[in-house]
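Reproduced below: protein.cif, with mmCIF, C-alpha atoms.
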```
data_structure
#
loop_
_atom_site.label_atom_id
_atom_site.label_comp_id
_atom_site.auth_asym_id
_atom_site.auth_seq_id
_atom_site.Cartn_x
_atom_site.Cartn_y
_atom_site.Cartn_z
CA MET H 1 0.00 0.00 0.00
CA SER H 2 1.17 3.48 -0.68
CA GLY H 3 2.43 5.54 2.20
CA PRO H 4 4.02 8.90 2.91
CA GLY H 5 7.44 7.71 1.81
CA ASP H 6 6.55 6.28 -1.58
CA GLY H 7 4.10 8.71 -3.13
CA TYR H 8 0.53 8.23 -4.23
CA ARG H 9 -1.27 5.60 -6.32
CA LEU H 10 -4.10 6.12 -8.82
CA VAL H 11 -7.29 4.11 -8.48
CA SER H 12 -10.71 4.05 -10.10
CA TYR H 13 -13.68 3.66 -7.79
CA ARG H 14 -17.44 3.82 -7.94
CA GLY H 15 -18.81 7.15 -6.78
CA GLN H 16 -22.34 8.45 -6.54
CA ASP H 17 -22.25 9.54 -10.18
CA GLY H 18 -20.37 6.53 -11.56
CA PRO H 19 -16.69 5.69 -11.94
CA GLN H 20 -14.28 8.30 -10.62
CA ALA H 21 -10.53 8.77 -10.46
CA GLY H 22 -9.13 8.44 -6.96
CA VAL H 23 -5.77 9.08 -5.37
CA LEU H 24 -4.59 6.60 -2.76
CA VAL H 25 -2.27 8.05 -0.17
CA ASP H 26 -1.65 7.03 3.42
CA GLY H 27 -4.31 4.31 3.17
CA ARG H 28 -7.07 6.72 2.13
CA VAL H 29 -8.72 7.44 -1.21
CA LEU H 30 -9.27 11.09 -2.14
CA ALA H 31 -11.17 12.28 -5.20
CA ALA H 32 -8.70 13.39 -7.86
CA ALA H 33 -11.15 16.07 -8.99
CA GLU H 34 -11.08 17.67 -5.55
CA LEU H 35 -7.30 17.57 -5.31
CA LEU H 36 -6.98 19.21 -8.73
CA ALA H 37 -9.90 21.62 -8.44
CA ASP H 38 -7.61 24.63 -8.81
CA THR H 39 -6.10 23.40 -12.08
CA ASP H 40 -7.44 23.09 -15.63
CA LEU H 41 -6.82 19.34 -15.64
CA ASP H 42 -9.65 16.91 -16.39
CA ALA H 43 -9.64 14.62 -13.36
CA SER H 44 -12.91 12.84 -14.10
CA SER H 45 -11.13 9.55 -14.86
CA VAL H 46 -7.71 7.95 -14.78
CA MET H 47 -7.80 7.89 -18.59
CA ALA H 48 -8.33 11.64 -18.64
CA LEU H 49 -5.40 12.18 -16.28
CA LEU H 50 -3.19 9.99 -18.47
CA GLY H 51 -4.06 12.22 -21.42
CA ARG H 52 -2.05 15.02 -19.77
CA TRP H 53 0.19 12.87 -17.67
CA PRO H 54 3.30 15.00 -17.05
CA GLU H 55 1.17 17.89 -15.77
CA ALA H 56 -1.23 15.61 -13.91
CA HIS H 57 1.55 13.74 -12.12
CA ALA H 58 3.31 16.94 -11.08
CA ALA H 59 0.07 18.38 -9.71
CA LEU H 60 -0.89 15.19 -7.87
CA ALA H 61 2.58 14.76 -6.39
CA ALA H 62 2.44 18.31 -5.07
CA ALA H 63 -1.10 17.86 -3.75
CA THR H 64 -0.21 14.70 -1.80
CA ALA H 65 3.10 15.74 -0.23
CA PRO H 66 2.45 15.86 2.61
CA PRO H 67 -0.70 13.70 2.54
CA PRO H 68 -3.77 15.94 2.84
CA PRO H 69 -6.49 15.26 5.42
CA GLY H 70 -9.81 13.63 4.60
CA GLY H 71 -10.62 10.90 2.15
CA THR H 72 -12.15 7.46 2.60
CA PRO H 73 -10.37 4.36 3.89
CA LEU H 74 -9.37 2.13 0.99
CA ALA H 75 -11.43 -0.80 2.29
CA ALA H 76 -14.56 1.35 2.29
CA VAL H 77 -14.58 2.24 -1.42
CA GLU H 78 -15.74 0.05 -4.27
CA ARG H 79 -12.63 -0.15 -6.37
CA LEU H 80 -12.72 -0.75 -10.10
CA ALA H 81 -9.93 -1.66 -12.48
CA PRO H 82 -7.51 1.27 -12.43
CA ILE H 83 -7.88 2.15 -16.14
CA LEU H 84 -11.40 2.24 -17.60
CA TYR H 85 -10.53 1.35 -20.32
CA PRO H 86 -7.26 1.10 -22.28
CA ARG H 87 -7.63 1.50 -26.02
CA ALA H 88 -5.39 -1.54 -26.40
CA ILE H 89 -3.69 -4.22 -24.32
CA TYR H 90 -0.53 -5.45 -26.02
CA CYS H 91 0.71 -8.76 -24.61
CA ALA H 92 4.28 -9.97 -25.00
CA GLY H 93 4.57 -13.70 -25.61
CA ALA H 94 7.33 -16.03 -24.39
CA ASN H 95 9.27 -13.13 -22.89
CA TYR H 96 10.83 -14.52 -19.70
CA TRP H 97 13.89 -16.72 -19.91
CA ASP H 98 12.69 -18.98 -17.09
CA HIS H 99 9.25 -19.39 -18.74
CA LEU H 100 10.84 -20.21 -22.09
CA GLU H 101 12.93 -22.86 -20.36
CA GLU H 102 9.94 -24.48 -18.67
CA MET H 103 8.03 -24.55 -21.98
CA ASP H 104 10.83 -25.57 -24.36
CA GLY H 105 13.60 -27.02 -22.19
CA ALA H 106 17.15 -25.69 -22.04
CA VAL H 107 17.77 -22.50 -23.99
CA ASP H 108 20.93 -20.59 -24.83
CA ARG H 109 20.61 -17.26 -23.07
CA ASP H 110 23.31 -15.83 -25.29
CA GLU H 111 20.98 -16.24 -28.26
CA ARG H 112 17.58 -14.59 -28.30
CA ALA H 113 15.00 -13.63 -30.87
CA ALA H 114 15.90 -10.36 -32.55
CA GLU H 115 12.57 -8.73 -31.69
CA PRO H 116 9.75 -9.17 -29.17
CA TRP H 117 6.46 -10.79 -30.20
CA PHE H 118 2.95 -9.60 -29.26
CA PHE H 119 -0.72 -10.44 -29.44
CA LEU H 120 -3.71 -8.29 -28.53
CA LYS H 121 -6.17 -8.84 -25.71
CA THR H 122 -9.62 -7.28 -25.57
CA SER H 123 -10.03 -4.36 -23.19
CA GLU H 124 -13.48 -3.55 -21.81
CA HIS H 125 -14.65 -7.07 -22.62
CA SER H 126 -11.97 -8.70 -20.49
CA ILE H 127 -10.73 -6.34 -17.77
CA VAL H 128 -11.99 -6.88 -14.22
CA ALA H 129 -10.86 -5.31 -10.96
CA ASP H 130 -8.88 -6.56 -8.01
CA GLY H 131 -11.14 -8.75 -5.90
CA ALA H 132 -13.41 -9.72 -8.80
CA THR H 133 -14.79 -13.20 -9.35
CA VAL H 134 -14.25 -14.57 -12.85
CA ALA H 135 -16.88 -17.04 -14.06
CA ILE H 136 -14.99 -19.73 -15.98
CA PRO H 137 -16.73 -20.05 -19.36
CA PRO H 138 -18.32 -23.48 -19.89
CA LYS H 139 -16.16 -24.16 -22.96
CA ILE H 140 -12.93 -23.71 -20.99
CA THR H 141 -11.60 -26.67 -19.01
CA GLN H 142 -7.91 -25.68 -18.85
CA LEU H 143 -7.80 -22.13 -17.50
CA ASP H 144 -4.25 -21.04 -16.74
CA TRP H 145 -2.80 -18.10 -14.79
CA GLU H 146 -0.07 -15.71 -15.96
CA ALA H 147 1.27 -12.98 -13.66
CA GLU H 148 2.49 -10.00 -15.67
CA LEU H 149 3.82 -6.50 -15.09
CA GLY H 150 1.61 -4.03 -16.95
CA VAL H 151 3.24 -0.91 -18.39
CA VAL H 152 0.89 2.06 -18.76
CA ILE H 153 1.67 4.59 -21.49
CA GLY H 154 1.51 8.28 -20.54
CA ALA H 155 2.26 10.13 -23.80
CA PRO H 156 1.75 9.54 -27.54
CA ALA H 157 4.71 7.45 -28.66
CA ARG H 158 5.83 6.86 -32.25
CA GLU H 159 9.26 5.58 -33.26
CA VAL H 160 10.57 5.88 -29.70
CA PRO H 161 14.05 4.35 -29.24
CA ALA H 162 14.60 2.15 -26.22
CA ALA H 163 16.95 4.73 -24.72
CA ALA H 164 14.08 7.26 -24.55
CA ALA H 165 11.24 4.87 -23.74
CA ALA H 166 11.15 5.64 -20.01
CA GLY H 167 9.89 9.10 -20.90
CA VAL H 168 6.58 7.81 -22.28
CA ILE H 169 5.70 5.56 -19.33
CA ALA H 170 3.11 6.85 -16.86
CA GLY H 171 3.33 3.93 -14.47
CA TYR H 172 2.81 0.26 -13.76
CA THR H 173 0.07 -2.13 -12.71
CA ILE H 174 -0.51 -5.89 -12.48
CA VAL H 175 -2.20 -7.94 -15.19
CA ASN H 176 -3.29 -11.57 -14.95
CA ASP H 177 -3.25 -12.80 -18.55
CA LEU H 178 -5.73 -15.63 -18.07
CA SER H 179 -5.34 -18.21 -20.82
CA ALA H 180 -7.61 -21.02 -22.03
CA ARG H 181 -5.01 -23.64 -22.90
CA ASP H 182 -7.57 -26.09 -24.27
CA LEU H 183 -8.60 -23.49 -26.87
CA MET H 184 -5.08 -22.69 -28.04
CA LYS H 185 -5.29 -24.61 -31.32
CA ARG H 186 -8.03 -25.38 -33.83
CA GLU H 187 -7.70 -28.77 -35.46
CA ASP H 188 -10.12 -27.70 -38.23
CA ARG H 189 -7.64 -25.12 -39.53
CA PRO H 190 -4.41 -25.47 -41.53
CA PRO H 191 -1.24 -25.36 -39.39
CA ALA H 192 -0.43 -21.77 -40.32
CA MET H 193 -3.81 -20.66 -38.94
CA ALA H 194 -4.23 -23.18 -36.14
CA TYR H 195 -3.54 -20.93 -33.13
CA ASP H 196 -6.73 -19.29 -31.85
CA TRP H 197 -5.69 -16.06 -30.11
CA ILE H 198 -9.28 -14.96 -29.56
CA GLY H 199 -10.47 -18.25 -28.10
CA GLN H 200 -7.58 -18.72 -25.70
CA LYS H 201 -7.01 -15.10 -24.62
CA CYS H 202 -10.24 -13.11 -25.00
CA PHE H 203 -13.30 -13.87 -22.89
CA ASP H 204 -15.27 -12.21 -20.11
CA GLY H 205 -12.88 -11.65 -17.20
CA ALA H 206 -9.78 -12.70 -19.13
CA ALA H 207 -7.69 -9.74 -17.89
CA PRO H 208 -7.86 -9.04 -14.16
CA MET H 209 -5.98 -5.76 -13.61
CA GLY H 210 -5.01 -3.71 -10.59
CA PRO H 211 -5.10 -3.01 -7.79
CA TRP H 212 -3.94 0.48 -8.81
CA LEU H 213 -1.54 2.37 -11.05
CA THR H 214 1.84 3.09 -9.49
CA PRO H 215 3.45 6.16 -11.09
CA ALA H 216 6.79 5.37 -12.70
CA ALA H 217 8.42 8.01 -10.49
CA TYR H 218 7.92 5.68 -7.52
CA VAL H 219 9.53 2.59 -9.09
CA ASP H 220 13.31 2.58 -8.67
CA ASP H 221 14.18 -0.06 -11.28
CA VAL H 222 11.48 -1.64 -13.43
CA HIS H 223 13.92 -4.38 -14.40
CA ASP H 224 14.44 -5.55 -10.83
CA LEU H 225 10.95 -6.20 -9.49
CA ASP H 226 9.98 -9.43 -7.75
CA VAL H 227 6.97 -11.20 -9.29
CA ARG H 228 5.00 -13.83 -7.37
CA LEU H 229 1.71 -15.67 -7.87
CA TRP H 230 -0.12 -18.00 -5.51
CA VAL H 231 -3.03 -20.34 -6.22
CA ASN H 232 -4.95 -21.04 -3.01
CA ASP H 233 -1.95 -19.81 -0.98
CA VAL H 234 0.44 -22.21 -2.76
CA ILE H 235 3.15 -20.30 -4.59
CA LYS H 236 3.36 -21.13 -8.29
CA GLN H 237 5.31 -18.29 -9.89
CA GLU H 238 8.32 -16.66 -8.27
CA SER H 239 10.66 -14.65 -10.45
CA ASN H 240 11.96 -11.17 -11.17
CA THR H 241 11.59 -8.76 -14.10
CA GLY H 242 15.32 -9.14 -14.57
CA GLU H 243 14.36 -12.39 -16.36
CA LEU H 244 12.67 -10.47 -19.19
CA ILE H 245 14.10 -11.47 -22.57
CA HIS H 246 13.15 -8.17 -24.20
CA ASP H 247 12.98 -5.51 -21.55
CA VAL H 248 10.26 -2.91 -21.06
CA TYR H 249 12.04 -0.26 -23.11
CA GLU H 250 12.74 -2.61 -26.02
CA GLN H 251 9.06 -3.55 -26.08
CA ILE H 252 8.05 0.10 -26.34
CA GLU H 253 10.57 0.65 -29.12
CA TRP H 254 9.18 -2.28 -31.13
CA LEU H 255 5.51 -1.40 -30.67
CA SER H 256 5.98 2.32 -31.31
CA GLY H 257 7.84 1.43 -34.48
CA ARG H 258 4.66 -0.18 -35.81
CA LEU H 259 2.01 2.26 -34.59
CA THR H 260 1.47 5.18 -32.26
CA LEU H 261 1.09 4.12 -28.65
CA LEU H 262 -1.51 6.28 -26.91
CA PRO H 263 -1.96 7.42 -23.31
CA GLY H 264 -3.67 4.69 -21.34
CA ASP H 265 -2.46 1.84 -23.55
CA VAL H 266 -1.22 -1.11 -21.51
CA ILE H 267 1.64 -3.45 -22.35
CA ALA H 268 1.52 -6.78 -20.50
CA THR H 269 5.22 -7.57 -20.60
CA GLY H 270 5.19 -11.36 -20.34
CA SER H 271 4.85 -14.02 -17.65
CA PRO H 272 7.61 -15.91 -15.82
CA ALA H 273 7.95 -19.61 -15.12
CA GLY H 274 5.35 -21.34 -13.00
CA VAL H 275 2.26 -21.32 -15.19
CA GLY H 276 -0.06 -24.31 -14.92
CA MET H 277 0.17 -25.88 -18.38
CA PRO H 278 3.62 -27.54 -18.10
CA ARG H 279 2.52 -29.31 -14.89
CA GLY H 280 -1.05 -30.02 -16.00
CA GLU H 281 -2.61 -27.79 -13.35
CA PHE H 282 -5.52 -25.49 -14.11
CA LEU H 283 -7.92 -23.20 -12.30
CA ALA H 284 -11.28 -24.50 -11.06
CA PRO H 285 -14.34 -22.95 -9.41
CA GLY H 286 -13.49 -22.00 -5.83
CA ASP H 287 -9.83 -21.26 -6.56
CA VAL H 288 -8.19 -17.94 -5.72
CA THR H 289 -5.10 -16.43 -7.32
CA ARG H 290 -2.99 -13.74 -5.68
CA ILE H 291 -0.30 -11.84 -7.56
CA GLU H 292 2.25 -9.57 -5.94
CA ILE H 293 4.66 -7.44 -7.94
CA GLU H 294 7.09 -5.29 -6.05
CA SER H 295 5.97 -1.62 -5.90
CA CYS H 296 2.66 -2.51 -7.60
CA GLY H 297 0.57 -4.03 -4.81
CA THR H 298 -1.47 -7.25 -4.82
CA LEU H 299 -4.06 -8.44 -7.35
CA THR H 300 -6.50 -11.07 -6.07
CA THR H 301 -9.01 -12.96 -8.23
CA SER H 302 -11.56 -15.65 -7.38
CA TYR H 303 -13.04 -18.15 -9.81
CA ALA H 304 -16.51 -19.62 -10.11
#
```
For the structure just supplied, provide its representation as structure tokens.
Amino acid sequence: MSGPGDGYRLVSYRGQDGPQAGVLVDGRVLAAAELLADTDLDASSVMALLGRWPEAHAALAAATAPPPPGGTPLAAVERLAPILYPRAIYCAGANYWDHLEEMDGAVDRDERAAEPWFFLKTSEHSIVADGATVAIPPKITQLDWEAELGVVIGAPAREVPAAAAAGVIAGYTIVNDLSARDLMKREDRPPAMAYDWIGQKCFDGAAPMGPWLTPAAYVDDVHDLDVRLWVNDVIKQESNTGELIHDVYEQIEWLSGRLTLLPGDVIATGSPAGVGMPRGEFLAPGDVTRIEIESCGTLTTSYA
């Protein structure tokens, strides 16, 4: 949880008039619109704040240091997914060395693919908040977990070199890239078209996200963050973002070389070793996953 020494966090929560942007500081949620009432910033949503991120972050940092009085205890607000909703969720595939090793056996870490590889995940259709219950679709019998660091874009980005990529990042969150392993391939299609990226990756609740957005200013080293996932309090994934094959900045360089990344876009940067498929373990009704990523909080999801 955020505290006086590590800045604020951005949340979305349900207010009297619908979803609102909130600022979590010292265990309390304050309305962003109230904190920024004396500015010309649109603080009606986290997406709006991301649209003018450098100014918004500077104003929020100033407004929360020291933490102002008032607000509502975090446990007393109905939190939503932090970003409602990204225009796109770009997901990096096979992007942790330890995950590649568990899927394919021994690999030569001195040799890597020249470029990262991505697929798209649906946004509003799939995103659910911390604490949500995901109903496992009847067609899915092999639902797998994937703990991922989510990178949130904070400025339009086109042809951004890796060396400058930190400048377009607003912050970080947690994404659980839920995957239907039994729907990965279609036997009725030719081999070149056999992989079903909609069926296995895009369904209601397929992208739990949260619990909040941590501004990049409060993350010392994005490439040295511990990543852990538990299923029913049994640890399954335990790694570090230092295991990324293509790091966060390289991913931004590649994506921005193909299209313009926009404020609020999310990049799910890949999942480390410990997913269920290699061991034949999958999620079932009644299970609970908990993901912790250093500096980013805890994302908990139940399944029914």
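With all atoms listed in the file as the basis for measurement, H:Leu84 is the residue among H:Leu84, H:Gly276, H:Gly27, H:Asp42 that approaches Ser123 of chain H most closely.
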Legend entry - Selection: 10 Å around Glu281 of chain H, all atoms listed in the file, excl. self and same-chain fewer than 6 positions, as a ChimeraX atom specification: /H:142-145,275
Legend entry - Residue members of the PyMOL selection byres ((chain H and resi 299) around 7) in the file shown, as a list in words: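 Answer for the PyMOL selection byres ((chain H and resi 299) around 7): Asp130, Ile174, Gly210, Pro211, Arg290, Ile291, Glu292, Gly297, Thr298, Thr300 and Thr301 of chain H.
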Selection file, C-alpha atoms, as a short mmCIF file (atom, residue, chain, number, x, y, z; two decimals), in the frame of the given file:
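And here's part_21.cif as it stands now:
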```
data_model
loop_
_atom_site.label_atom_id
_atom_site.label_comp_id
_atom_site.auth_asym_id
_atom_site.auth_seq_id
_atom_site.Cartn_x
_atom_site.Cartn_y
_atom_site.Cartn_z
CA ASP H 130 -8.88 -6.56 -8.01
CA ILE H 174 -0.51 -5.89 -12.48
CA GLY H 210 -5.01 -3.71 -10.59
CA PRO H 211 -5.10 -3.01 -7.79
CA ARG H 290 -2.99 -13.74 -5.68
CA ILE H 291 -0.30 -11.84 -7.56
CA GLU H 292 2.25 -9.57 -5.94
CA GLY H 297 0.57 -4.03 -4.81
CA THR H 298 -1.47 -7.25 -4.82
CA THR H 300 -6.50 -11.07 -6.07
CA THR H 301 -9.01 -12.96 -8.23
#
```
Legend entry - Result set of the PyMOL selection byres ((chain H and resi 227-230) around 7) on the coordinates above, as JSON, numbers by chain: {"H": [147, 225, 226, 231, 232, 233, 234, 235, 236, 237, 238, 239, 240, 289, 290, 291, 292, 293, 294]}
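Distance annotation: of H:Leu60, H:Val134, H:Val11, H:Ala206, the residue with the minimal separation from Ala304 of chain H is H:Val134; atom set is all atoms listed in the file.
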Inset, instruction - Name the residues that the PyMOL selection byres ((chain H and resi 268) around 6) pulls out of this structure, and write them as an MDAnalysis selection string. - result: chainID H and resid 91 148:150 267 269:270
Dump of C-alpha atoms for the selected residues, as a tab-separated table (two decimals), keeping the file's coordinate frame:
```
chain	number	residue	atom	x	y	z
H	91	CYS	CA	0.71	-8.76	-24.61
H	148	GLU	CA	2.49	-10.00	-15.67
H	149	LEU	CA	3.82	-6.50	-15.09
H	150	GLY	CA	1.61	-4.03	-16.95
H	267	ILE	CA	1.64	-3.45	-22.35
H	269	THR	CA	5.22	-7.57	-20.60
H	270	GLY	CA	5.19	-11.36	-20.34
```
Inset, instruction - Would you work out the distance separating atom CA of Met209 of chain H from atom CA of Pro137 of chain H, expressed in Å to one decimal? - result: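 Here the two named atoms are 18.8 Å from each other.
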Inset, instruction - Return the single residue from H:Ala114, H:Ala94, H:Ala135, H:Met277 that is closest to Met184 of chain H, with distances computed using all atoms listed in the file. - result: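 Under the stated criterion, the closest residue is H:Met277.
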Inset, instruction - May I ask for the distance between atom CA of Arg258 of chain H and atom CA of Ala88 of chain H, given in Å to one decimal place? - result: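 One can read the atom CA of Arg258 of chain H to atom CA of Ala88 of chain H distance as 13.8 Å.
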Legend entry - Computed interatomic separation between atom CA of Arg79 of chain H and atom CA of Leu213 of chain H (Å): 12.3 Å
If I wrap all listed atoms of segment 81-95 of chain H in a box with edges along x, y and z and add 6 Å on each side, what are its centre and edge lengths in Å to one decimal, as lines of an AutoDock Vina configuration file?
```
center_x = -1.1
center_y = -6.9
center_z = -19.4
size_x = 32.7
size_y = 30.3
size_z = 26.0
```
Legend entry - Proximity to Thr141 of chain H - best of H:Tyr195, H:Tyr303, H:Tyr249, H:Phe282, only C-alpha atoms: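 When distances to Thr141 of chain H are compared using only C-alpha atoms, the smallest one comes from H:Phe282.
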